[in-house]
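**Student:** Sharing a structure below in structure tokens format, with a few things to ask.
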Protein chains: 2
Amino acid sequence: MTETRTNAAYARLVARFDRIGALDEASAMLNWDAAAMMPPGGAASRGDQLAVLAGLSHELLTAPEVAADLAAAAEADGRDPWQRANLLLMRHAHTRAISLPGDLVEAATRANSACEKSWREARRAADYGQVLSRFTEVVKLAREEAQALGGALGLSPYDALMDGYQRGIRAADVAPIFAAYEHFLADALPRAEALAAEHPAARMPAGPFPIPAQEAFCRRMAERIGLGFDHARLDRSEHPFCGGTASDVRITTRYDVADGLKALFAVLHETGHALYERGLPSAFARQPVGSAAGMAVHESQSLIVEMQACRSDAFLGWLGPELAGAFGPDPAYEPGNLARLCRRVGRGFIRVDADELTYPAHVILRFRLESALIEGTLQPADLPGAWNEGMKRLLGIVPPDDAAGCLQDIHWYDGAFGYFPSYSLGAMAAAQLMAAARRDVAGLEDALAEGELAPLISWLAGNVHAKASLYGFNALLQEATGTPLDPAAFQAHLAQRYLA
Amino acid sequence: MTETRTNAAYARLVARFDRIGALDEASAMLNWDAAAMMPPGGAASRGDQLAVLAGLSHELLTAPEVAADLAAAAEADGRDPWQRANLLLMRHAHTRAISLPGDLVEAATRANSACEKSWREARRAADYGQVLSRFTEVVKLAREEAQALGGALGLSPYDALMDGYQRGIRAADVAPIFAAYEHFLADALPRAEALAAEHPAARMPAGPFPIPAQEAFCRRMAERIGLGFDHARLDRSEHPFCGGTASDVRITTRYDVADGLKALFAVLHETGHALYERGLPSAFARQPVGSAAGMAVHESQSLIVEMQACRSDAFLGWLGPELAGAFGPDPAYEPGNLARLCRRVGRGFIRVDADELTYPAHVILRFRLESALIEGTLQPADLPGAWNEGMKRLLGIVPPDDAAGCLQDIHWYDGAFGYFPSYSLGAMAAAQLMAAARRDVAGLEDALAEGELAPLISWLAGNVHAKASLYGFNALLQEATGTPLDPAAFQAHLAQRYLA
């Protein structure tokens with residue numbers, strides 16, 4: 001086989017992934033619309049539209065000529081690392097795709113969409129029974145997918161699902177890290193609570209916080225951190241998220257007129273995600289190697305902005321007067337109080353409301369339950385009981401009902417299993433990246449004290465954003481920080497912030 | 001061939017068109033987003049996304065097995081009229097799709113996109129010369145497309161283009177109707193102007209009209225007319241339009257704080273379009289026979305709501321106090337003044353600002369020029385002169401420059417020829433349908449006087465909306481009103497409104 005023919009094969013693959021990427025961008029936009037814009041009556045058609053797009057994307061990826069082109073392209077040497085990584089990721093995506101029968105993918109997409117709708121009702125009614133039969137179908141199809149994927153990739157079913165969110169992460173690596181965290185938390189949480197009890201309770205700003213003013217403030221903060229609204233939107237949805245595409249990022253939040261900080265920190269979090277998308281190399285747009293490196297890396301980018309930078313003493317010292325300027329003066333914005341307010345620690349039922357110390361406990365619970373659901377050692381009917389037991393063990397509390405328990409998150413009811421570990425791996429990676437950035441970048445701390453994230457974002461842009469999927473999770477951390485994931489940085493960060 | 005195998009072929013076609021329909025729905029949503037939501041930086045990617053969706057839709061329609069299934073399905077008898085019409089329309093869509101060579105479509109898409117960009121500059125500079133060379137290329141490729149389509153359909157080139165917007169309409173039918181209207185207008189316009197001059201000039205309400213209040217009022221009016229926002233949205237865009245899908249209609253308008261009526265009547269117009277989409281039979285969703293019957297029929301539905309119903313004395317008598325309630329009392333809302341304000345007649349250069357009496361003159365001009373451009377009897381270089389001559393002849397006025405003349409509309413510069421007649425055929429059909437509804441529905445007028453369109457909409461739902469594409473333009477009118485298109489009703493309506 002000549003070099004020319006081989007390059008032609010690679011060029012055909014690039015063109016094909018460009019088409020697949022455009023199709024997936026269309027799906028991303030329709031998903032954003034479904035969460036932020038769509039009237040309820042559009043849901044059924046939207047499910048069909050997304051199913052057809054997913055089906056066509058799958059067909060493009062699994063067409064017979066792809067395997068031939070992958071084989072032909074692989075015979076060439078001397079490609080640059082980006083091209084080599086791109087080809088590797090194309091092969092990985094192809095292997096994942098051909099291992100899933102098209103009718104299973106379409107059935108799962110449809111079942112997930114139906115279950116998600118039913119979950120909204122069930123959560124409102126705090127009645128798990130309402131969604132159980134649809135959820136049982138979702139779990140059944142997810143198990144089938146996981147088994148098919150695992151067989152093709154040489155992974156256990158649950159590992160195969162995790163691999164879809166963060167390539168290269170295995171349950172066997174995660175379990176000991178999480179077990180160690182459970183151990184750390186058992187000691188740290190009561191100590192942090194005792195320390196917090198030595199101070200007066202953090203005072204809430206009186207408010208109210210009119211929503212238009214909040215929206216304008218959130219927008220200004222996102223812009224200050226570096227998000228340009230010529231390539232982005234900020235809207236509202238039930239759950240804050242970052243969607244859309246690299247050149248048209250859509251972030252959302254939700255507002256509470258009584259609380260001016262909640263929406264703001266959600267926006268700061270989503271802005272971290274959005275900056276990652278905006279910083280991906282446009283030369284590889286829509287190519288696997290040009291995409292974000294995975295959900296754990298994505299979460300590290302949101303958490304380094306929200307938790308590491310914006311909840312630091314330095315940044316909060318700048319933020320207080322800004323809040324006073326936007327919403328009127330309030331003693332709650334005094335530095336010590338604002339820091340306590342933004343860094344409260346406590347045992348709660350709701351993951352998305354959890355502080356950074358207890359958040360991993362929520363993730364550990366979900367990791368254990370979802371891996372058991374997929375491996376078949378836990379049945380959907382037994383989920384509420386297992387949930388409540390797990391909460392008892394990890395945080396010592398039991399939710400009053402399933403709305404505050406196993407119905408709180410959309411993920412599983414939308415067919416997403418294997419995602420949750422990314423949150424805490426991301427938190428750990430964020431702490432490790434922040435430690436490296438503080439070491440590498442002079443003036444980072446002084447900039448934070450001026451409400452200025454540019455030095456941090458610029459370091460991330462070079463060391464994380466611009467690398468896209470050139471490296472896997474641990475190799476990316478190795479290149480950026482000198483070591484693969486090491487949870488010590490996260491525990492040191494927590495100890496410094498909550499136990500000092 | 002057995003009945004079973006034949007039915008299997010039809011079932012495969014239905015499944016294929018369902019997929020094509022879902023893909024086209026996705027495109028419709030992305031087009032809505034591009035006009036109503038998208039930040040400017042998203043434009044390039046959006047173009048790619050839409051091109052890939054259109055390409056896949058075309059591939060699904062032109063796949064080799066479609067011709068075979070169409071042939072097999074045609075051999076069966078005894079289908080019900082819906083199925084028979086659906087098959088006919090499938091064949092029609094397939095013929096149109098396969099008659100255009102892929103490289104011609106691609107060349108035209110490229111030329112249209114380049115010309116449209118250049119047109120924006122040319123219109124800003126009021127300089128037709130700036131766009132002439134690009135527009136010449138657009139016309140050349142549109143002629144080639146028209147010839148290819150016409151050859152396949154047995155139509156003249158221009159008829160083949162009109163057929164793409166409103167099936168079954170021919171230039172030979174339109175020309176005499178438009179000639180008769182020109183004749184009618186030559187007499188009616190000076191008389192209407194003279195009559196209007198007998199009254200004091202209509203007084204504008206003082207305003208201002210805060211945009212949130214306008215938006216709330218528009219929404220309430222759309223709801224009152226019958227649009228449920230569980231299946232619809234109202235947003236803003238540069239030009240008002242109705243997009244989205246039958247179960248998730250997206251209407252838009254634009255607001256002017258100094259004018260409370262412009263946005264409102266745009267919303268009433270788009271609500272007419274939206275109710276048509278909402279009323280299409282869901283049993284045939286995404287099938288050709290279940291789609292709107294064409295652009296002229298669509299325009300009849302917007303105009304019967306806006307022009308026939310909502311600008312009637314009866315409705316305006318109800319609307320005045322509603323406006324006063326929403327925006328504060330104003331003598332301008334007194335019935336006689338409000339009617340004069342909402343039914344002003346005058347000679348103007350700009351089609352989209354024209355009243356219902358002179359609007360057809362703008363359409364007649366464009367019909368004559370675009371058919372001559374496509375048939376090759378008018379060259380692009382001669383367009384400005386021909387435009388100005390036509391305006392002189394039809395309305396007795398000559399535009400001061402090409403921005404107010406042949407550069408005002410995007411259509412041609414984006415490669416769209418054959419659409420314009422739909423506007424006036426729709427206006428005529430709207431008058432004919434309204435006359436029939438008044439005859440058939442007791443209490444229709446009294447309901448209008450209560451701001452209540454339900455009797456009218458319910459009649460339209462049964463006689464137009466629910467029929468979808470079961471009939472062509474004239475057969476639909478025949479079934480609903482007893483005759484094919486008869487422009488007499490429109491002239492009677494205008495005479496009664498403007499010459500009495």
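Each chain in the structure tokens gets a letter, A, B, ..., in the order shown, and its residues are numbered from 1; ligands are numbered from 1 in order too.
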Restrict the distance test to only C-alpha atoms, flag each residue of chain A within 7 Å of chain B, and return the flagged residues as a VMD selection string.

**Tutor:** chain A and resid 19 22 to 23 26 39 to 42 48 to 49 52 229 to 233 247 to 248

**Student:** Near segment 184-187 of chain B, within 9 Å and counting only C-alpha atoms, which residues show up once chain neighbours fewer than 5 positions away are dropped, as a PyMOL selection string?

**Tutor:** chain B and resi 179+192+357-358+361+394-395+491

**Student:** As a PyMOL selection string, please: all residues of segment 67-102 of chain A that backbone DSSP puts in alpha helix (DSSP H).

**Tutor:** chain A and resi 67-74+81-98+102

**Student:** Using only C-alpha atoms, pick whichever of B:Ile251, B:Ala126, B:Ala489, B:Leu87 has the shortest atom-to-atom distance to Leu470 of chain B.

**Tutor:**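 Result for the nearest residue to Leu470 of chain B: B:Leu87.
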
**Student:** Could you jot down the atom CA of Asp127 of chain A to atom CA of Trp412 of chain A separation for me, Å, one decimal place?

**Tutor:**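 Computing the Euclidean distance for atom CA of Asp127 of chain A and atom CA of Trp412 of chain A yields 15.8 Å.
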
**Student:** Please identify all polymer residues within 12 Å of segment 378-381 of chain A, counting only C-alpha atoms, omitting same-chain residues fewer than 4 positions from it, and present them as a list of chain:residue names.

**Tutor:**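 Listing them by chain and then by number gives A:Tyr128, A:Gly129, A:Gln130, A:Val131, A:Leu132, A:Ser133, A:Arg134, A:Phe135, A:Thr136, A:Glu137, A:Val138, A:Val139, A:Lys140, A:Arg143, A:Arg368, A:Leu369, A:Glu370, A:Ser371, A:Ala372, A:Leu373, A:Ile374, A:Gly385, A:Ala386, A:Trp387, A:Cys406, A:Leu407, A:Trp412, A:Tyr413.
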
**Student:** Write out as a list of chain:residue names each polymer residue whose atoms come within 10 Å of Pro331 of chain B, counting only C-alpha atoms; drop sequence neighbours fewer than 2 positions from it.

**Tutor:**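 My reading of the contact set: B:Arg203, B:Met204, B:Pro205, B:Ala206, B:Gly320, B:Ala324, B:Pro329, B:Tyr333, B:Glu334, B:Pro335, B:Asn337, B:Leu338.
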
**Student:** Env of Gly451 of chain B: 9 Å cut, atoms = only C-alpha atoms, seq-sep filter 3 positions within chain, self excluded. Answer as a compact mmCIF listing (two decimals) with C-alpha atoms, in the first residue's frame.

**Tutor:**
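To be explicit, this is the file written out as part_16.txt:
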# COMPACT_ATOMS: atom_id res chain seq x y z
CA ARG B 224 -56.79 34.05 22.72
CA ILE B 225 -56.83 33.23 19.02
CA CYS B 310 -58.20 40.87 13.03
CA ALA B 314 -65.80 43.80 14.48
CA PHE B 315 -62.47 42.64 15.90
CA LEU B 316 -60.92 46.12 16.05
CA GLY B 317 -63.93 47.29 18.05
CA TRP B 318 -63.00 44.70 20.67
CA LEU B 319 -59.24 45.26 20.36
CA ASP B 446 -70.61 38.28 16.59
CA ALA B 447 -67.71 36.21 17.88
CA LEU B 448 -65.20 38.53 16.17

**Student:** Would you pick out the contacts of His411 of chain A at 10 Å or less, using only C-alpha atoms, so that residues sharing its chain but fewer than 4 positions from it are not included, and give the list as a list in words?

**Tutor:**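 Contacts, with the query itself left out: Asn112, Glu116, Leu407, Gly415, Ala416, Phe417, Gly418, Tyr419 and Phe420 of chain A.
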